[in-house]
file start08.cif (mmCIF, C-alpha atoms (C1' of nucleotides))
data_upload
loop_
_atom_site.label_atom_id
_atom_site.label_comp_id
_atom_site.auth_asym_id
_atom_site.auth_seq_id
_atom_site.Cartn_x
_atom_site.Cartn_y
_atom_site.Cartn_z
CA MET A 431 29.05 -32.34 -19.78
CA SER A 432 28.67 -31.53 -23.46
CA SER A 433 26.32 -34.22 -24.64
CA ARG A 434 24.61 -34.08 -27.99
CA PRO A 435 21.00 -35.29 -27.87
CA ALA A 436 19.22 -36.70 -30.86
CA THR A 437 17.19 -33.56 -31.36
CA LYS A 438 19.98 -31.99 -33.37
CA PRO A 439 19.22 -32.22 -37.09
CA ALA A 440 21.64 -32.88 -39.93
CA ASP A 441 21.81 -29.18 -40.73
CA ALA A 442 24.65 -28.04 -38.52
CA TYR A 443 23.66 -24.42 -38.60
CA HIS A 444 19.94 -24.33 -38.15
CA HIS A 445 18.73 -26.27 -35.18
CA GLY A 446 15.30 -27.67 -35.91
CA ASP A 447 13.40 -26.30 -32.97
CA LEU A 448 15.88 -24.73 -30.62
CA ARG A 449 13.28 -23.09 -28.45
CA ARG A 450 11.60 -26.37 -27.62
CA ALA A 451 14.92 -28.12 -27.22
CA LEU A 452 16.03 -25.44 -24.77
CA LEU A 453 12.91 -25.80 -22.66
CA ASP A 454 13.16 -29.58 -22.65
CA ALA A 455 16.85 -29.59 -21.80
CA ALA A 456 16.35 -26.99 -19.08
CA MET A 457 13.58 -28.98 -17.45
CA GLY A 458 15.71 -32.10 -17.74
CA VAL A 459 18.65 -30.48 -16.01
CA LEU A 460 16.52 -29.14 -13.21
CA GLU A 461 14.82 -32.45 -12.61
CA GLU A 462 17.84 -34.70 -12.80
CA ASP A 463 19.66 -32.51 -10.32
CA PRO A 464 17.53 -30.43 -7.97
CA GLY A 465 19.74 -27.67 -6.68
CA ALA A 466 21.34 -26.94 -10.05
CA SER A 467 21.31 -23.28 -10.91
CA LEU A 468 20.62 -23.78 -14.62
CA SER A 469 23.45 -22.08 -16.47
CA MET A 470 22.54 -20.68 -19.87
CA ARG A 471 25.95 -21.51 -21.22
CA ASP A 472 25.77 -25.08 -20.01
CA LEU A 473 22.41 -25.43 -21.70
CA ALA A 474 23.83 -24.16 -24.99
CA ARG A 475 26.75 -26.57 -24.63
CA ARG A 476 24.42 -29.52 -24.14
CA LEU A 477 22.56 -28.69 -27.31
CA GLY A 478 25.76 -28.09 -29.24
CA VAL A 479 25.02 -24.47 -30.05
CA SER A 480 26.90 -21.29 -29.25
CA HIS A 481 26.56 -19.67 -25.86
CA GLN A 482 24.46 -16.88 -27.31
CA ALA A 483 21.97 -18.96 -29.25
CA PRO A 484 19.52 -19.28 -26.32
CA TYR A 485 19.26 -15.49 -26.16
CA HIS A 486 17.60 -15.44 -29.52
CA TYR A 487 14.54 -17.05 -27.94
CA PHE A 488 14.69 -15.78 -24.37
CA ARG A 489 15.58 -12.23 -23.46
CA ASP A 490 17.45 -13.43 -20.41
CA ARG A 491 17.73 -16.27 -17.97
CA ASP A 492 14.61 -15.27 -16.10
CA ALA A 493 12.57 -15.32 -19.29
CA LEU A 494 13.50 -18.95 -19.83
CA LEU A 495 12.64 -19.81 -16.23
CA LYS A 496 9.34 -18.03 -16.60
CA ALA A 497 8.47 -19.97 -19.74
CA LEU A 498 9.37 -23.13 -17.87
CA GLY A 499 7.01 -22.11 -15.10
CA ASP A 500 4.22 -21.49 -17.61
CA ALA A 501 4.61 -25.02 -18.89
CA ALA A 502 4.78 -26.44 -15.38
CA ILE A 503 1.55 -24.86 -14.25
CA GLY A 504 -0.18 -26.53 -17.17
CA ASP A 505 1.20 -29.88 -16.08
CA LEU A 506 0.10 -29.30 -12.51
CA LEU A 507 -3.42 -28.48 -13.62
CA ALA A 508 -3.56 -31.54 -15.86
CA ALA A 509 -2.41 -33.82 -13.06
CA GLN A 510 -5.12 -32.50 -10.78
CA GLN A 511 -7.85 -32.74 -13.39
CA GLN A 512 -6.92 -36.32 -14.10
CA ALA A 513 -6.91 -37.24 -10.42
CA VAL A 514 -10.29 -35.63 -9.81
CA ALA A 515 -11.85 -37.25 -12.85
CA ALA A 516 -10.93 -40.68 -11.55
CA GLN A 517 -13.14 -40.28 -8.48
CA THR A 518 -16.89 -39.97 -8.15
CA ASP A 519 -17.47 -39.46 -4.44
CA PRO A 520 -17.07 -35.74 -3.62
CA ARG A 521 -15.12 -36.53 -0.49
CA GLU A 522 -12.68 -38.79 -2.31
CA ARG A 523 -12.44 -36.24 -5.08
CA LEU A 524 -11.18 -33.56 -2.75
CA ILE A 525 -8.67 -35.93 -1.23
CA ALA A 526 -7.48 -36.97 -4.70
CA LEU A 527 -7.09 -33.32 -5.62
CA GLY A 528 -4.87 -32.66 -2.64
CA THR A 529 -2.89 -35.83 -3.19
CA ALA A 530 -2.23 -34.91 -6.81
CA TYR A 531 -1.03 -31.48 -5.71
CA VAL A 532 1.40 -32.92 -3.19
CA ASP A 533 2.54 -35.69 -5.52
CA PHE A 534 3.36 -33.18 -8.21
CA ALA A 535 5.52 -31.23 -5.78
CA ALA A 536 7.22 -34.39 -4.57
CA THR A 537 7.90 -35.74 -8.05
CA ARG A 538 8.86 -32.51 -9.77
CA PRO A 539 9.99 -30.16 -7.03
CA ARG A 540 11.73 -27.68 -9.32
CA ALA A 541 8.71 -27.43 -11.58
CA PHE A 542 6.55 -26.80 -8.54
CA GLU A 543 8.90 -24.06 -7.35
CA LEU A 544 8.86 -22.44 -10.76
CA VAL A 545 5.08 -22.24 -10.69
CA PHE A 546 5.07 -20.28 -7.44
CA ASP A 547 8.21 -18.21 -7.80
CA ALA A 548 6.97 -14.67 -7.30
CA ARG A 549 10.29 -13.19 -8.41
CA LEU A 550 9.85 -14.75 -11.82
CA CYS A 551 6.17 -14.02 -12.26
CA PRO A 552 4.37 -11.77 -9.74
CA PRO A 553 0.89 -13.22 -9.13
CA ASP A 554 -0.79 -9.84 -9.54
CA ALA A 555 0.57 -9.63 -13.08
CA PRO A 556 0.67 -13.16 -14.50
CA SER A 557 1.91 -13.82 -18.00
CA PRO A 558 -0.86 -13.92 -20.62
CA GLY A 559 -0.71 -17.69 -21.04
CA ARG A 560 -0.69 -18.29 -17.34
CA ALA A 561 -3.77 -16.38 -16.20
CA PRO A 562 -6.41 -18.79 -17.60
CA LEU A 563 -4.60 -21.77 -16.11
CA ILE A 564 -4.62 -20.14 -12.70
CA ARG A 565 -8.32 -19.44 -13.02
CA ALA A 566 -9.00 -23.01 -14.12
CA ASN A 567 -7.13 -24.29 -11.12
CA GLU A 568 -9.10 -22.12 -8.72
CA ASP A 569 -12.33 -23.20 -10.36
CA LEU A 570 -11.42 -26.84 -9.99
CA LEU A 571 -10.82 -26.47 -6.27
CA GLY A 572 -13.91 -24.32 -5.81
CA ARG A 573 -16.11 -26.84 -7.59
CA CYS A 574 -14.77 -29.72 -5.50
CA ILE A 575 -15.50 -27.84 -2.29
CA ALA A 576 -18.92 -26.74 -3.44
CA ASP A 577 -19.84 -30.31 -4.40
CA LEU A 578 -18.74 -31.53 -1.03
CA CYS A 579 -20.70 -28.81 0.77
CA ALA A 580 -23.78 -29.82 -1.22
CA THR A 581 -23.65 -33.24 0.46
CA GLY A 582 -24.15 -31.57 3.83
CA TRP A 583 -20.49 -31.63 4.84
CA ARG A 584 -19.77 -29.09 7.57
CA PRO A 585 -23.02 -27.15 7.20
CA GLY A 586 -22.65 -23.40 7.25
CA ALA A 587 -18.99 -23.42 6.22
CA ASP A 588 -17.86 -20.53 4.05
CA VAL A 589 -16.90 -21.99 0.68
CA GLU A 590 -14.41 -19.22 -0.06
CA ALA A 591 -12.58 -19.54 3.25
CA THR A 592 -12.65 -23.31 3.06
CA ALA A 593 -11.09 -23.24 -0.37
CA LEU A 594 -8.31 -20.97 0.90
CA ALA A 595 -7.76 -23.27 3.87
CA MET A 596 -7.58 -26.34 1.67
CA TRP A 597 -5.21 -24.67 -0.74
CA GLY A 598 -3.06 -23.56 2.16
CA THR A 599 -2.98 -27.01 3.67
CA ALA A 600 -2.17 -28.76 0.41
CA HIS A 601 0.47 -26.18 -0.43
CA GLY A 602 2.06 -26.42 2.99
CA LEU A 603 2.12 -30.20 2.99
CA ALA A 604 3.59 -30.11 -0.50
CA SER A 605 6.33 -27.72 0.57
CA LEU A 606 7.16 -29.70 3.68
CA VAL A 607 7.31 -32.99 1.81
CA MET A 608 9.46 -31.33 -0.85
CA GLY A 609 11.84 -30.09 1.82
CA GLY A 610 12.02 -33.50 3.45
CA HIS A 611 10.44 -32.28 6.67
CA ILE A 612 7.64 -34.80 6.62
CA PRO A 613 7.49 -38.15 4.83
CA ARG A 614 5.37 -38.47 1.75
CA GLU A 615 3.52 -41.46 3.18
CA ALA A 616 2.06 -39.37 5.99
CA ILE A 617 0.14 -37.21 3.56
CA ASP A 618 -2.82 -39.44 2.85
CA GLY A 619 -3.65 -39.83 6.53
CA VAL A 620 -3.37 -36.12 7.19
CA LEU A 621 -5.48 -35.15 4.18
CA ARG A 622 -8.09 -37.71 5.12
CA GLN A 623 -8.24 -36.32 8.62
CA VAL A 624 -8.60 -32.75 7.41
CA VAL A 625 -11.57 -33.16 5.07
CA MET B 188 27.12 0.38 -3.13
CA SER B 189 30.23 0.49 -0.97
CA SER B 190 28.91 1.94 2.26
CA ARG B 191 30.92 1.89 5.44
CA PRO B 192 28.79 1.24 8.54
CA ALA B 193 29.75 2.42 12.01
CA THR B 194 30.78 -1.05 13.10
CA LYS B 195 34.25 -0.56 11.71
CA PRO B 196 36.71 0.25 14.52
CA ALA B 197 39.64 2.65 14.49
CA ASP B 198 42.03 -0.22 13.85
CA ALA B 199 42.05 -0.41 10.11
CA TYR B 200 43.43 -3.91 10.00
CA HIS B 201 41.52 -5.82 12.62
CA HIS B 202 37.80 -5.52 12.29
CA GLY B 203 36.23 -5.78 15.74
CA ASP B 204 33.78 -8.58 15.13
CA LEU B 205 33.74 -9.32 11.46
CA ARG B 206 31.73 -12.51 11.79
CA ARG B 207 28.84 -10.75 13.48
CA ALA B 208 29.10 -7.82 11.13
CA LEU B 209 28.92 -10.16 8.16
CA LEU B 210 25.82 -11.88 9.45
CA ASP B 211 24.12 -8.58 10.24
CA ALA B 212 25.00 -7.05 6.91
CA ALA B 213 23.91 -10.16 5.06
CA MET B 214 20.54 -10.23 6.78
CA GLY B 215 20.19 -6.52 6.11
CA VAL B 216 20.85 -6.92 2.41
CA LEU B 217 18.40 -9.81 2.10
CA GLU B 218 15.66 -7.99 3.94
CA GLU B 219 15.99 -4.62 2.30
CA ASP B 220 15.86 -6.22 -1.11
CA PRO B 221 14.15 -9.59 -1.37
CA GLY B 222 15.41 -11.18 -4.53
CA ALA B 223 19.02 -10.15 -4.02
CA SER B 224 21.42 -13.01 -4.49
CA LEU B 225 23.76 -11.98 -1.67
CA SER B 226 27.18 -11.58 -3.24
CA MET B 227 30.09 -12.35 -0.93
CA ARG B 228 32.19 -9.68 -2.57
CA ASP B 229 29.50 -7.07 -2.21
CA LEU B 230 29.24 -7.93 1.46
CA ALA B 231 32.98 -7.50 1.93
CA ARG B 232 32.82 -4.18 0.09
CA ARG B 233 30.06 -2.92 2.37
CA LEU B 234 32.14 -3.71 5.43
CA GLY B 235 35.26 -2.21 3.90
CA VAL B 236 37.29 -5.41 3.99
CA SER B 237 38.94 -7.39 1.24
CA HIS B 238 36.92 -9.77 -0.89
CA GLN B 239 38.46 -12.77 0.86
CA ALA B 240 37.94 -11.68 4.46
CA PRO B 241 34.50 -13.32 4.75
CA TYR B 242 36.05 -16.66 3.88
CA HIS B 243 38.00 -16.60 7.09
CA TYR B 244 34.74 -17.12 8.95
CA PHE B 245 32.62 -19.03 6.46
CA ARG B 246 33.96 -21.83 4.32
CA ASP B 247 31.82 -20.72 1.42
CA ARG B 248 28.69 -18.82 0.54
CA ASP B 249 26.41 -21.62 1.62
CA ALA B 250 28.02 -21.73 5.06
CA LEU B 251 27.10 -18.09 5.59
CA LEU B 252 23.56 -18.70 4.41
CA LYS B 253 23.32 -21.68 6.70
CA ALA B 254 24.47 -19.65 9.71
CA LEU B 255 21.89 -17.05 8.75
CA GLY B 256 19.25 -19.76 8.73
CA ASP B 257 20.31 -20.96 12.16
CA ALA B 258 19.78 -17.47 13.53
CA ALA B 259 16.47 -17.11 11.74
CA ILE B 260 15.01 -20.29 13.18
CA GLY B 261 15.74 -18.93 16.64
CA ASP B 262 13.87 -15.75 15.82
CA LEU B 263 10.93 -17.71 14.46
CA LEU B 264 10.72 -19.79 17.60
CA ALA B 265 10.94 -16.71 19.82
CA ALA B 266 8.16 -14.97 17.91
CA GLN B 267 5.90 -17.97 18.33
CA GLN B 268 6.67 -18.40 22.02
CA GLN B 269 5.90 -14.76 22.65
CA ALA B 270 2.60 -14.96 20.76
CA VAL B 271 1.50 -18.08 22.60
CA ALA B 272 2.44 -16.69 26.00
CA ALA B 273 0.16 -13.70 25.43
CA GLN B 274 -2.94 -15.92 25.26
CA THR B 275 -4.61 -18.04 27.90
CA ASP B 276 -7.46 -19.72 26.05
CA PRO B 277 -6.16 -22.87 24.29
CA ARG B 278 -8.13 -22.08 21.19
CA GLU B 279 -6.79 -18.55 20.94
CA ARG B 280 -3.33 -19.84 21.69
CA LEU B 281 -3.32 -22.11 18.66
CA ILE B 282 -4.60 -19.29 16.48
CA ALA B 283 -1.93 -16.96 17.84
CA LEU B 284 0.71 -19.58 17.11
CA GLY B 285 -0.36 -19.86 13.48
CA THR B 286 -0.65 -16.12 13.12
CA ALA B 287 2.88 -15.62 14.45
CA TYR B 288 4.18 -18.20 11.98
CA VAL B 289 2.53 -16.50 9.03
CA ASP B 290 3.49 -13.02 10.22
CA PHE B 291 7.11 -14.03 10.47
CA ALA B 292 7.06 -15.27 6.89
CA ALA B 293 5.31 -12.11 5.71
CA THR B 294 7.65 -9.75 7.54
CA ARG B 295 10.91 -11.55 6.95
CA PRO B 296 10.41 -13.69 3.87
CA ARG B 297 14.07 -14.33 3.20
CA ALA B 298 14.69 -15.39 6.78
CA PHE B 299 11.74 -17.76 6.51
CA GLU B 300 13.10 -19.23 3.30
CA LEU B 301 16.50 -19.72 4.88
CA VAL B 302 14.96 -21.72 7.70
CA PHE B 303 13.39 -24.20 5.33
CA ASP B 304 15.96 -24.35 2.56
CA ALA B 305 16.76 -28.05 2.32
CA ARG B 306 19.68 -27.42 0.00
CA LEU B 307 21.41 -25.43 2.72
CA CYS B 308 20.55 -27.69 5.62
CA PRO B 309 18.94 -31.08 4.99
CA PRO B 310 16.33 -31.70 7.70
CA ASP B 311 17.56 -35.23 8.36
CA ALA B 312 20.98 -33.83 9.29
CA PRO B 313 20.41 -30.47 10.95
CA SER B 314 23.33 -28.40 12.18
CA PRO B 315 24.14 -28.95 15.87
CA GLY B 316 22.73 -25.61 16.97
CA ARG B 317 19.59 -26.06 14.97
CA ALA B 318 18.35 -29.42 16.20
CA PRO B 319 17.19 -28.30 19.68
CA LEU B 320 15.37 -25.31 18.19
CA ILE B 321 13.50 -27.58 15.81
CA ARG B 322 12.56 -29.86 18.67
CA ALA B 323 11.42 -26.90 20.78
CA ASN B 324 9.25 -25.73 17.93
CA GLU B 325 7.63 -29.12 17.51
CA ASP B 326 7.04 -29.33 21.25
CA LEU B 327 5.38 -25.94 21.28
CA LEU B 328 2.93 -26.93 18.58
CA GLY B 329 2.33 -30.35 20.15
CA ARG B 330 1.57 -28.81 23.52
CA CYS B 331 -0.85 -26.31 22.03
CA ILE B 332 -2.74 -29.07 20.25
CA ALA B 333 -2.74 -31.33 23.29
CA ASP B 334 -4.10 -28.51 25.47
CA LEU B 335 -6.84 -27.87 23.00
CA CYS B 336 -7.73 -31.56 22.78
CA ALA B 337 -7.97 -31.65 26.56
CA THR B 338 -10.84 -29.17 26.36
CA GLY B 339 -12.85 -31.70 24.38
CA TRP B 340 -12.15 -30.18 20.98
CA ARG B 341 -12.72 -32.69 18.20
CA PRO B 342 -12.85 -35.76 20.42
CA GLY B 343 -10.93 -38.72 19.13
CA ALA B 344 -8.64 -36.67 16.91
CA ASP B 345 -5.13 -38.01 16.52
CA VAL B 346 -2.81 -35.45 18.10
CA GLU B 347 0.10 -36.37 15.88
CA ALA B 348 -1.83 -36.10 12.63
CA THR B 349 -3.53 -32.92 13.79
CA ALA B 350 -0.19 -31.33 14.54
CA LEU B 351 1.06 -32.22 11.06
CA ALA B 352 -2.12 -30.83 9.52
CA MET B 353 -1.80 -27.57 11.46
CA TRP B 354 1.84 -27.20 10.58
CA GLY B 355 1.03 -27.86 6.96
CA THR B 356 -1.76 -25.33 6.92
CA ALA B 357 0.25 -22.63 8.63
CA HIS B 358 3.23 -23.30 6.39
CA GLY B 359 1.13 -23.24 3.25
CA LEU B 360 -0.65 -20.04 4.19
CA ALA B 361 2.71 -18.50 5.05
CA SER B 362 4.16 -19.47 1.68
CA LEU B 363 1.14 -18.25 -0.23
CA VAL B 364 1.09 -14.91 1.60
CA MET B 365 4.83 -14.58 1.02
CA GLY B 366 4.36 -15.16 -2.67
CA GLY B 367 1.54 -12.66 -2.86
CA HIS B 368 -1.02 -15.29 -3.84
CA ILE B 369 -3.36 -14.51 -0.97
CA PRO B 370 -3.66 -11.30 1.06
CA ARG B 371 -2.30 -11.25 4.56
CA GLU B 372 -5.61 -10.00 5.95
CA ALA B 373 -7.38 -13.17 4.92
CA ILE B 374 -5.25 -15.28 7.23
CA ASP B 375 -7.01 -14.63 10.52
CA GLY B 376 -10.38 -15.67 9.15
CA VAL B 377 -9.00 -18.82 7.57
CA LEU B 378 -7.09 -19.86 10.67
CA ARG B 379 -10.13 -19.22 12.83
CA GLN B 380 -12.23 -21.37 10.55
CA VAL B 381 -9.72 -24.20 10.58
CA VAL B 382 -9.35 -24.68 14.34
"C1'" DG C 1214 63.06 -10.36 20.92
"C1'" DG C 1215 61.85 -13.89 18.07
"C1'" DG C 1216 58.60 -17.44 16.75
"C1'" DG C 1217 53.97 -18.54 16.12
"C1'" DC C 1218 49.41 -17.70 15.02
"C1'" DG C 1219 45.03 -15.54 14.07
"C1'" DA C 1220 43.12 -11.94 11.05
"C1'" DC C 1221 43.15 -10.07 6.96
"C1'" DT C 1222 45.11 -8.91 1.92
"C1'" DT C 1223 46.63 -9.53 -2.85
"C1'" DG C 1224 46.55 -11.99 -6.94
"C1'" DA C 1225 44.91 -15.22 -10.03
"C1'" DC C 1226 41.53 -18.29 -12.42
"C1'" DA C 1227 37.44 -20.40 -14.36
"C1'" DT C 1228 32.67 -19.58 -14.94
"C1'" DT C 1229 28.76 -16.97 -15.66
"C1'" DG C 1230 25.19 -13.51 -17.72
"C1'" DT C 1231 24.88 -10.44 -21.23
"C1'" DC C 1232 26.06 -6.58 -24.79
"C1'" DA C 1233 27.63 -5.74 -29.58
"C1'" DA C 1234 28.61 -7.04 -34.02
"C1'" DG C 1235 29.15 -10.25 -37.54
"C1'" DA C 1236 28.26 -14.56 -40.59
"C1'" DC C 1237 25.32 -17.85 -42.61
"C1'" DG C 1238 21.36 -19.56 -45.36
"C1'" DA C 1239 16.76 -19.63 -47.10
"C1'" DT C 1240 13.30 -17.00 -49.44
"C1'" DA C 1241 11.04 -13.41 -52.31
"C1'" DG C 1242 11.04 -9.91 -55.87
"C1'" DC C 1243 12.88 -8.55 -60.00
"C1'" DG D 219 19.52 -16.26 -61.98
"C1'" DC D 220 20.84 -12.35 -59.01
"C1'" DT D 221 20.42 -9.72 -55.13
"C1'" DA D 222 18.30 -7.70 -50.88
"C1'" DT D 223 16.32 -9.07 -46.69
"C1'" DC D 224 15.44 -11.34 -42.60
"C1'" DG D 225 15.56 -14.92 -39.18
"C1'" DT D 226 19.00 -17.84 -37.06
"C1'" DC D 227 23.05 -18.61 -35.09
"C1'" DT D 228 28.29 -17.37 -34.04
"C1'" DT D 229 32.37 -14.87 -32.35
"C1'" DG D 230 34.33 -11.77 -29.35
"C1'" DA D 231 34.37 -8.98 -25.58
"C1'" DC D 232 33.42 -7.36 -20.64
"C1'" DA D 233 32.40 -7.04 -15.79
"C1'" DA D 234 31.06 -9.67 -11.86
"C1'" DT D 235 31.26 -13.56 -9.01
"C1'" DG D 236 32.94 -17.68 -6.09
"C1'" DT D 237 36.93 -19.54 -4.61
"C1'" DC D 238 41.98 -21.44 -4.51
"C1'" DA D 239 46.76 -20.19 -3.19
"C1'" DA D 240 50.00 -17.52 -1.17
"C1'" DG D 241 51.31 -13.72 1.12
"C1'" DT D 242 51.43 -9.78 5.01
"C1'" DC D 243 50.40 -7.60 9.28
"C1'" DG D 244 50.37 -7.15 14.21
"C1'" DC D 245 49.73 -9.11 18.72
"C1'" DC D 246 51.10 -12.39 22.49
"C1'" DC D 247 53.85 -15.69 24.88
"C1'" DC D 248 58.03 -17.98 25.88
#

call {"tool": "encode", "arguments": {"input": "start08.cif", "output": "structure tokens"}}
result
Amino acid sequence: MSSRPATKPADAYHHGDLRRALLDAAMGVLEEDPGASLSMRDLARRLGVSHQAPYHYFRDRDALLKALGDAAIGDLLAAQQQAVAAQTDPRERLIALGTAYVDFAATRPRAFELVFDARLCPPDAPSPGRAPLIRANEDLLGRCIADLCATGWRPGADVEATALAMWGTAHGLASLVMGGHIPREAIDGVLRQVV
Amino acid sequence: MSSRPATKPADAYHHGDLRRALLDAAMGVLEEDPGASLSMRDLARRLGVSHQAPYHYFRDRDALLKALGDAAIGDLLAAQQQAVAAQTDPRERLIALGTAYVDFAATRPRAFELVFDARLCPPDAPSPGRAPLIRANEDLLGRCIADLCATGWRPGADVEATALAMWGTAHGLASLVMGGHIPREAIDGVLRQVV
DNA sequence: GGGGCGACTTGACATTGTCAAGACGATAGC
DNA sequence: GCTATCGTCTTGACAATGTCAAGTCGCCCC
């Protein structure tokens, strides 16, 4: 329960980079045990600091969760960019994009939840660091769809509506896989059928 | 905070139907304030009983939540059945089905969450009352798709995969509307484009 | 009319988030 | 070199919560 990771420096009083350590430990806890409720005090215990130390960096529990979500959305974007870059065919690119989205949710379900938790970060008022990442993500999807449309795929389709539909489908499949309602292996076939 | 609804009978000791009252009050709390964490003690206070009374009917907090989810899945199924029954054209039927799904999530977000919360009720081991409802729901979707295929829609499409894709899309749109990421009005157009 | 049992209460405990106030240690100005 | 200051962390308290354990109340049946 009260482990002491190697991040703790020799100086017993001043923790080298407590903020970072808190974020890392928090993400670790959430990912090793989905369903954990992330106690602030437990986190402090793990890092060997007092139960109030975390509050020096995060106003309250939700602030920590929100910061975690900010980091997670960056990871999600990176995973998608990498998947898209590995493909050249527009059709395969779109499929890779969706697969990366679902894989992220399957591999890091709590991170995925954090990204979309409206209670933590209402989408109409995103945190300053989050807004550009959201825009980048939308752009990525929009560009993939536009490229595909340029090849003559489904002529006359509305790019905007198609993007929404694709996002919806990927998001739904991700949620359902995350919840164990459909097996992860089924995804590729479904995505391939959709595009 | 400590209201006393009319369900309390004259008998001060024996509450008429505490189990029902608890479920109703719980759903009421969750729906009047999304984001509430549903305290057992608060619930007991609202019904004017001791803080332990709820535990006579529900082993713990999760058991109550699970029972709430069981009820919610019935409501979701009913809403979809009603929507489908109102349409005759197979195409419109499928759209109505999706719309009902999304509308349920938009109107009763917490109920929707409860239905799909894998921590409360793992889908590979559903509660006895829940299993038939899940099956009925799958059948409803399957029949809608099969009917549509019979009209010559997308010849050669795999019914199974199509059903998964539709479920995924509806679920994703529902989640995104719930989270405020896309406006509810956009749904009809997207659904119509998809089918 | 007494025993049994279902429905509810009282009391206690550990845990949690968070407020308030203090202690420690480096750094800068004199 | 001494001291004031400020960021960093600690100690102590409090109310709320979930939940265990042990009553108490009132009805019903033998």

call {"tool": "closest_atom_pairs", "arguments": {"input": "start08.cif", "of": "chain C", "to": "chain A", "cutoff": "8 Å", "atoms": "all atoms listed in the file", "output": "CSV"}}
result
residue,atom,partner,partner_atom,distance
C:DT1229,C1',A:Ser469,CA,7.4
C:DG1230,C1',A:Met470,CA,7.9
C:DC1237,C1',A:Tyr443,CA,7.9

call {"tool": "closest_atom_pairs", "arguments": {"input": "start08.cif", "of": "chain D", "to": "chain B", "cutoff": "12 Å", "atoms": "all atoms listed in the file", "output": "JSON lines"}}
result
{"residue": "D:DA234", "atom": "C1'", "partner": "B:Arg228", "partner_atom": "CA", "distance": 9.4}
{"residue": "D:DT235", "atom": "C1'", "partner": "B:Ser226", "partner_atom": "CA", "distance": 7.3}
{"residue": "D:DG236", "atom": "C1'", "partner": "B:Met227", "partner_atom": "CA", "distance": 7.9}
{"residue": "D:DT237", "atom": "C1'", "partner": "B:Asp247", "partner_atom": "CA", "distance": 8.0}
{"residue": "D:DC238", "atom": "C1'", "partner": "B:Gln239", "partner_atom": "CA", "distance": 10.8}
{"residue": "D:DA239", "atom": "C1'", "partner": "B:Gln239", "partner_atom": "CA", "distance": 11.8}
{"residue": "D:DT242", "atom": "C1'", "partner": "B:Tyr200", "partner_atom": "CA", "distance": 11.1}
{"residue": "D:DC243", "atom": "C1'", "partner": "B:Tyr200", "partner_atom": "CA", "distance": 7.9}
{"residue": "D:DG244", "atom": "C1'", "partner": "B:Tyr200", "partner_atom": "CA", "distance": 8.7}
{"residue": "D:DC245", "atom": "C1'", "partner": "B:His201", "partner_atom": "CA", "distance": 10.7}

call {"tool": "write_last_selection", "arguments": {"input": "start08.cif", "atoms": "C-alpha atoms (C1' of nucleotides)", "output": "short mmCIF file (atom, residue, chain, number, x, y, z; two decimals), in the frame of the given file"}}
result
data_model
loop_
_atom_site.label_atom_id
_atom_site.label_comp_id
_atom_site.auth_asym_id
_atom_site.auth_seq_id
_atom_site.Cartn_x
_atom_site.Cartn_y
_atom_site.Cartn_z
"C1'" DA D 234 31.06 -9.67 -11.86
"C1'" DT D 235 31.26 -13.56 -9.01
"C1'" DG D 236 32.94 -17.68 -6.09
"C1'" DT D 237 36.93 -19.54 -4.61
"C1'" DC D 238 41.98 -21.44 -4.51
"C1'" DA D 239 46.76 -20.19 -3.19
"C1'" DT D 242 51.43 -9.78 5.01
"C1'" DC D 243 50.40 -7.60 9.28
"C1'" DG D 244 50.37 -7.15 14.21
"C1'" DC D 245 49.73 -9.11 18.72
#

call {"tool": "resolve_selection", "arguments": {"input": "start08.cif", "expression": "the PyMOL selection byres ((chain A) within 8 of (chain B))", "output": "PyMOL selection string"}}
result
chain A and resi 465+546-549+552-554+591-592+594-603+605-606+609-611+619-621+623-624

call {"tool": "resolve_selection", "arguments": {"input": "start08.cif", "expression": "the PyMOL selection byres ((chain D and resi 231) around 10)", "output": "mmCIF file with C-alpha atoms (C1' of nucleotides), in the frame of the given file"}}
result
data_model
loop_
_atom_site.group_PDB
_atom_site.id
_atom_site.type_symbol
_atom_site.label_atom_id
_atom_site.label_comp_id
_atom_site.auth_asym_id
_atom_site.auth_seq_id
_atom_site.Cartn_x
_atom_site.Cartn_y
_atom_site.Cartn_z
ATOM 1 C "C1'" DC C 1232 26.060 -6.580 -24.790
ATOM 2 C "C1'" DA C 1233 27.630 -5.740 -29.580
ATOM 3 C "C1'" DT D 229 32.370 -14.870 -32.350
ATOM 4 C "C1'" DG D 230 34.330 -11.770 -29.350
ATOM 5 C "C1'" DC D 232 33.420 -7.360 -20.640
#

call {"tool": "resolve_selection", "arguments": {"input": "start08.cif", "expression": "the PyMOL selection byres ((chain D and resi 223) around 9)", "output": "mmCIF file with C-alpha atoms (C1' of nucleotides), keeping the file's coordinate frame"}}
result
data_model
loop_
_atom_site.group_PDB
_atom_site.id
_atom_site.type_symbol
_atom_site.label_atom_id
_atom_site.label_comp_id
_atom_site.auth_asym_id
_atom_site.auth_seq_id
_atom_site.Cartn_x
_atom_site.Cartn_y
_atom_site.Cartn_z
ATOM 1 C "C1'" DT C 1240 13.300 -17.000 -49.440
ATOM 2 C "C1'" DA C 1241 11.040 -13.410 -52.310
ATOM 3 C "C1'" DA D 222 18.300 -7.700 -50.880
ATOM 4 C "C1'" DC D 224 15.440 -11.340 -42.600
#

call {"tool": "atom_distance", "arguments": {"input": "start08.cif", "atom1": "C1' of DG1238 (chain C)", "atom2": "C1' of DT226 (chain D)"}}
result
8.8 Å

call {"tool": "atom_distance", "arguments": {"input": "start08.cif", "atom1": "CA of Ser314 (chain B)", "atom2": "CA of Tyr288 (chain B)"}}
result
21.7 Å
